[in-house]
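A.B. asks: Structure incoming, see below.
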Amino acid sequence: MTVDPKAGRPRASSRETLAEAACELFLEQGYEATSIAEIATRAGVSRSSFFNYFSSKGDILWAAFDERADAAIAALAAGDASTRYILTAIADDFAPDSLALAVANADVMGLDDELQRERAMRQARLARAVADRAQRDGVARLRAEVGGAAAAGAVLAAVWEWALAGAGRADLAPLVAEALDAAPLGAAGSVRQLRVVVQAPDFDTTLAFYRDVLGMVQAEAYEEEGGARVAILDAGRATLELANPAQVAFIDRVETDGVASDRIRVALEVGDTAGVAERLVAGGAVIEASARETPWRSLNARLRGPADLQLTLFQELGPA
């Protein structure tokens, strides 16, 4: 494609111009003191044109988020993808916009109360859709209601964290995923927790490695007669990944230089694969494959840890 150097920056749409004008006025004179007529005048459009794009001043701030939330609610009703996937997709390629600017400058704009009211309305609507989906999937009503409230709250909390930290400095999607890790989405079924039980002959060395070097928080510990000891370490969200031999062979080709997977391999999500791997090697682990990027946008390394555990460290890199 040939680009005309004289073309300059593409002309903003009326919607974008209105949003920009509104935010300028909110910063200059505050949200309450700004009228729709003033926004239209600053944007160079008629007052009636304003209502072709927004129904109120508040909608200017929430328009982009509302489009994504509406799509998520429709997808939850259709049931074609998992709740977590649908909620995380709200953040895909979410660019800094008027909402991010308003959250970061709420005090200057006089928007604290307005933002909290509007946030609560959207959070409740999203929570209802998640809870309804969970009940259709067989989750008990109480658990579905709690999960819906938590999941919707996680999405909005991530948006706020992203905006306050400086929207655009990082992707929103990983923050939403992290927030959802704390939400009890709870699919139907009787299993409440996945726990990997490892026999560790050198108990103290093994405990020190996984608790102190790797950084898993010790949740519980018990001692019984005859020197019996157990420690339970928190590893965050637990999942069970089932893979057929062809998939295992494919992962081994991508993740290593020919190192075969054990029948059971423990994969741990971390924030810095290379850094954590270096720390674990210093703490007694043996590297089996150095950190490398996978086709599914994660940075993986494979190690052999105490108690002969084969470990994969993976760092989710987000959208390309």
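FYI, nothing fancy with the structure tokens labels: chains A, B, ... in order, residues from 1 per chain, ligands from 1 as they appear.
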Might you pull out every residue within 9 Å of Leu164 (chain A), with only C-alpha atoms counted and same-chain residues fewer than 3 positions away left off, and present them as an mmCIF file with C-alpha atoms, in the first residue's frame?
C.D. replies:
data_model
loop_
_atom_site.group_PDB
_atom_site.id
_atom_site.type_symbol
_atom_site.label_atom_id
_atom_site.label_comp_id
_atom_site.auth_asym_id
_atom_site.auth_seq_id
_atom_site.Cartn_x
_atom_site.Cartn_y
_atom_site.Cartn_z
ATOM 1 C CA ALA A 100 -9.045 5.819 31.316
ATOM 2 C CA LEU A 101 -8.440 9.570 31.285
ATOM 3 C CA VAL A 103 -10.378 7.487 36.074
ATOM 4 C CA ALA A 104 -6.856 8.882 36.245
ATOM 5 C CA ASN A 105 -8.109 12.470 36.621
ATOM 6 C CA VAL A 159 -9.776 -1.439 34.325
ATOM 7 C CA TRP A 160 -9.288 0.934 37.269
ATOM 8 C CA GLU A 161 -5.840 -0.481 38.080
ATOM 9 C CA ALA A 167 -3.187 3.529 30.649
#
A.B. asks: Which residues, written as a PyMOL selection string, have at least one atom at most 12 Å from Leu172 (chain A), with only C-alpha atoms counted and residues fewer than 2 positions away on the same chain left out?
C.D. replies: chain A and resi 87-96+100+155-170+174-179+317-319
A.B. asks: May I have the residues from that selection written out with N, CA and C atoms, as a compact mmCIF listing (two decimals), in the first residue's frame?
C.D. replies:
# COMPACT_ATOMS: atom_id res chain seq x y z
N LEU A 87 -14.84 -12.92 29.33
CA LEU A 87 -14.54 -11.75 30.15
C LEU A 87 -13.15 -11.20 29.85
N THR A 88 -12.20 -12.08 29.62
CA THR A 88 -10.85 -11.62 29.30
C THR A 88 -10.84 -10.90 27.96
N ALA A 89 -11.69 -11.35 27.03
CA ALA A 89 -11.74 -10.74 25.70
C ALA A 89 -12.21 -9.29 25.74
N ILE A 90 -12.88 -8.88 26.81
CA ILE A 90 -13.29 -7.48 26.95
C ILE A 90 -12.07 -6.57 26.85
N ALA A 91 -10.93 -7.06 27.32
CA ALA A 91 -9.72 -6.23 27.39
C ALA A 91 -8.84 -6.32 26.17
N ASP A 92 -9.14 -7.19 25.24
CA ASP A 92 -8.27 -7.37 24.07
C ASP A 92 -8.11 -6.06 23.30
N ASP A 93 -6.87 -5.63 23.14
CA ASP A 93 -6.55 -4.42 22.37
C ASP A 93 -7.30 -3.18 22.87
N PHE A 94 -7.61 -3.16 24.16
CA PHE A 94 -8.32 -2.02 24.74
C PHE A 94 -7.35 -0.84 24.83
N ALA A 95 -7.60 0.20 24.08
CA ALA A 95 -6.68 1.34 24.01
C ALA A 95 -7.09 2.40 25.04
N PRO A 96 -6.13 3.20 25.49
CA PRO A 96 -6.47 4.32 26.39
C PRO A 96 -7.53 5.20 25.75
N ALA A 100 -10.35 5.89 30.64
CA ALA A 100 -9.04 5.82 31.32
C ALA A 100 -8.60 7.20 31.78
N VAL A 155 -13.25 -7.57 36.63
CA VAL A 155 -13.06 -6.89 35.36
C VAL A 155 -12.95 -5.38 35.57
N LEU A 156 -13.88 -4.81 36.34
CA LEU A 156 -13.85 -3.36 36.57
C LEU A 156 -12.65 -2.95 37.42
N ALA A 157 -12.28 -3.78 38.39
CA ALA A 157 -11.10 -3.46 39.20
C ALA A 157 -9.85 -3.42 38.34
N ALA A 158 -9.77 -4.34 37.38
CA ALA A 158 -8.61 -4.35 36.49
C ALA A 158 -8.57 -3.11 35.62
N VAL A 159 -9.72 -2.66 35.13
CA VAL A 159 -9.78 -1.44 34.32
C VAL A 159 -9.27 -0.25 35.15
N TRP A 160 -9.71 -0.17 36.39
CA TRP A 160 -9.29 0.93 37.27
C TRP A 160 -7.77 0.87 37.53
N GLU A 161 -7.27 -0.32 37.82
CA GLU A 161 -5.84 -0.48 38.08
C GLU A 161 -5.02 -0.07 36.86
N TRP A 162 -5.48 -0.48 35.70
CA TRP A 162 -4.81 -0.17 34.43
C TRP A 162 -4.79 1.34 34.20
N ALA A 163 -5.92 2.00 34.43
CA ALA A 163 -6.01 3.44 34.20
C ALA A 163 -5.16 4.22 35.20
N LEU A 164 -5.21 3.84 36.47
CA LEU A 164 -4.47 4.56 37.50
C LEU A 164 -2.97 4.37 37.37
N ALA A 165 -2.56 3.23 36.82
CA ALA A 165 -1.13 2.96 36.64
C ALA A 165 -0.57 3.67 35.41
N GLY A 166 -1.44 4.29 34.63
CA GLY A 166 -1.02 4.95 33.40
C GLY A 166 -1.44 4.12 32.21
N ALA A 167 -2.66 4.32 31.76
CA ALA A 167 -3.19 3.53 30.65
C ALA A 167 -2.26 3.62 29.45
N GLY A 168 -1.99 2.49 28.84
CA GLY A 168 -1.11 2.46 27.70
C GLY A 168 0.29 1.98 28.04
N ARG A 169 0.63 2.01 29.33
CA ARG A 169 1.95 1.52 29.74
C ARG A 169 2.00 0.00 29.73
N ALA A 170 0.85 -0.62 29.85
CA ALA A 170 0.78 -2.08 29.82
C ALA A 170 -0.54 -2.49 29.21
N PRO A 174 -3.76 -8.84 30.50
CA PRO A 174 -3.14 -9.59 31.60
C PRO A 174 -3.65 -9.18 32.97
N LEU A 175 -4.00 -7.90 33.14
CA LEU A 175 -4.56 -7.45 34.42
C LEU A 175 -5.93 -8.06 34.67
N VAL A 176 -6.75 -8.12 33.62
CA VAL A 176 -8.06 -8.76 33.76
C VAL A 176 -7.90 -10.23 34.10
N ALA A 177 -6.97 -10.91 33.43
CA ALA A 177 -6.73 -12.33 33.72
C ALA A 177 -6.27 -12.51 35.16
N GLU A 178 -5.39 -11.64 35.63
CA GLU A 178 -4.91 -11.74 37.01
C GLU A 178 -6.05 -11.51 37.99
N ALA A 179 -6.89 -10.52 37.72
CA ALA A 179 -8.02 -10.24 38.60
C ALA A 179 -9.01 -11.40 38.63
N LEU A 317 2.57 -13.71 27.55
CA LEU A 317 3.05 -12.48 26.95
C LEU A 317 1.94 -11.58 26.43
N GLY A 318 0.72 -12.09 26.39
CA GLY A 318 -0.40 -11.28 25.91
C GLY A 318 -0.41 -11.17 24.40
N PRO A 319 -1.30 -10.32 23.85
CA PRO A 319 -1.42 -10.20 22.40
C PRO A 319 -0.13 -9.72 21.77
A.B. asks: Which polymer residues have any atom within 9 Å of an atom of Ala274 (chain A), counting only C-alpha atoms, with same-chain residues fewer than 6 positions away left out, as a ChimeraX atom specification?
C.D. replies: /A:290-292,299-301,313
A.B. asks: What are the nearest atom pairs, with distances in Å to one decimal, for all residues of region 231-264 of chain A that come at most 10 Å from region 191-211 of chain A, using only C-alpha atoms, set out by chain and rising residue number as JSON lines?
C.D. replies:
{"residue": "A:Ala231", "atom": "CA", "partner": "A:Leu207", "partner_atom": "CA", "distance": 7.6}
{"residue": "A:Ile232", "atom": "CA", "partner": "A:Arg195", "partner_atom": "CA", "distance": 8.8}
{"residue": "A:Leu233", "atom": "CA", "partner": "A:Arg211", "partner_atom": "CA", "distance": 7.0}
{"residue": "A:Asp234", "atom": "CA", "partner": "A:Arg211", "partner_atom": "CA", "distance": 9.1}
{"residue": "A:Ala235", "atom": "CA", "partner": "A:Arg195", "partner_atom": "CA", "distance": 9.3}
{"residue": "A:Arg237", "atom": "CA", "partner": "A:Leu194", "partner_atom": "CA", "distance": 8.9}
{"residue": "A:Ala238", "atom": "CA", "partner": "A:Leu194", "partner_atom": "CA", "distance": 5.7}
{"residue": "A:Thr239", "atom": "CA", "partner": "A:Leu194", "partner_atom": "CA", "distance": 6.9}
{"residue": "A:Leu240", "atom": "CA", "partner": "A:Leu194", "partner_atom": "CA", "distance": 7.6}
A.B. asks: Could the residues in this selection be written to a file with N, CA and C atoms, as an mmCIF file, in the first residue's frame?
C.D. replies:
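What ended up in out-v1.cif:
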data_model
loop_
_atom_site.group_PDB
_atom_site.id
_atom_site.type_symbol
_atom_site.label_atom_id
_atom_site.label_comp_id
_atom_site.auth_asym_id
_atom_site.auth_seq_id
_atom_site.Cartn_x
_atom_site.Cartn_y
_atom_site.Cartn_z
ATOM 1 N N ALA A 231 3.640 -30.013 54.342
ATOM 2 C CA ALA A 231 3.405 -28.584 54.168
ATOM 3 C C ALA A 231 2.602 -28.395 52.891
ATOM 4 N N ILE A 232 1.609 -27.519 52.943
ATOM 5 C CA ILE A 232 0.754 -27.240 51.790
ATOM 6 C C ILE A 232 1.049 -25.829 51.324
ATOM 7 N N LEU A 233 1.501 -25.702 50.088
ATOM 8 C CA LEU A 233 1.916 -24.411 49.537
ATOM 9 C C LEU A 233 0.895 -23.915 48.520
ATOM 10 N N ASP A 234 0.596 -22.643 48.597
ATOM 11 C CA ASP A 234 -0.383 -22.034 47.689
ATOM 12 C C ASP A 234 0.283 -21.754 46.345
ATOM 13 N N ALA A 235 -0.296 -22.306 45.282
ATOM 14 C CA ALA A 235 0.254 -22.115 43.937
ATOM 15 C C ALA A 235 -0.680 -21.298 43.056
ATOM 16 N N ARG A 237 -4.140 -20.207 41.065
ATOM 17 C CA ARG A 237 -5.238 -20.939 40.419
ATOM 18 C C ARG A 237 -4.764 -22.299 39.931
ATOM 19 N N ALA A 238 -5.536 -23.325 40.197
ATOM 20 C CA ALA A 238 -5.164 -24.684 39.792
ATOM 21 C C ALA A 238 -5.994 -25.124 38.586
ATOM 22 N N THR A 239 -5.330 -25.750 37.631
ATOM 23 C CA THR A 239 -6.018 -26.351 36.487
ATOM 24 C C THR A 239 -5.397 -27.716 36.225
ATOM 25 N N LEU A 240 -6.118 -28.567 35.536
ATOM 26 C CA LEU A 240 -5.614 -29.874 35.140
ATOM 27 C C LEU A 240 -5.559 -29.902 33.618
#
A.B. asks: Go ahead and compute the interatomic distance for CA of Met216 (chain A) and CA of Gln315 (chain A), in Å to one decimal.
C.D. replies: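 Interatomic distance, CA of Met216 (chain A) to CA of Gln315 (chain A): 16.2 Å.
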A.B. asks: Determine which residues of region 144-175 of chain A receive a DSSP assignment of helix (DSSP H, G or I), computed from the backbone, and state them as a ChimeraX atom specification.
C.D. replies: /A:144-164,172-175
A.B. asks: Work out how far apart CA of Gln116 (chain A) and CA of Ser82 (chain A) are and give it in Å to one decimal.
C.D. replies: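 Taking CA of Gln116 (chain A) as the start and CA of Ser82 (chain A) as the end point, the length is 28.3 Å.
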A.B. asks: Pick the closest to Thr34 (chain A) from A:Ala243, A:Ala260, A:Ala21, A:Ala289: which is it, counting only C-alpha atoms?
C.D. replies: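 Going through A:Ala243, A:Ala260, A:Ala21, A:Ala289 one by one, the smallest distance to Thr34 (chain A) is for A:Ala21.
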A.B. asks: Take CA of Arg84 (chain A) and CA of Glu269 (chain A) and report the distance between them in Å, one decimal.
C.D. replies: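 It comes out at 16.8 Å.
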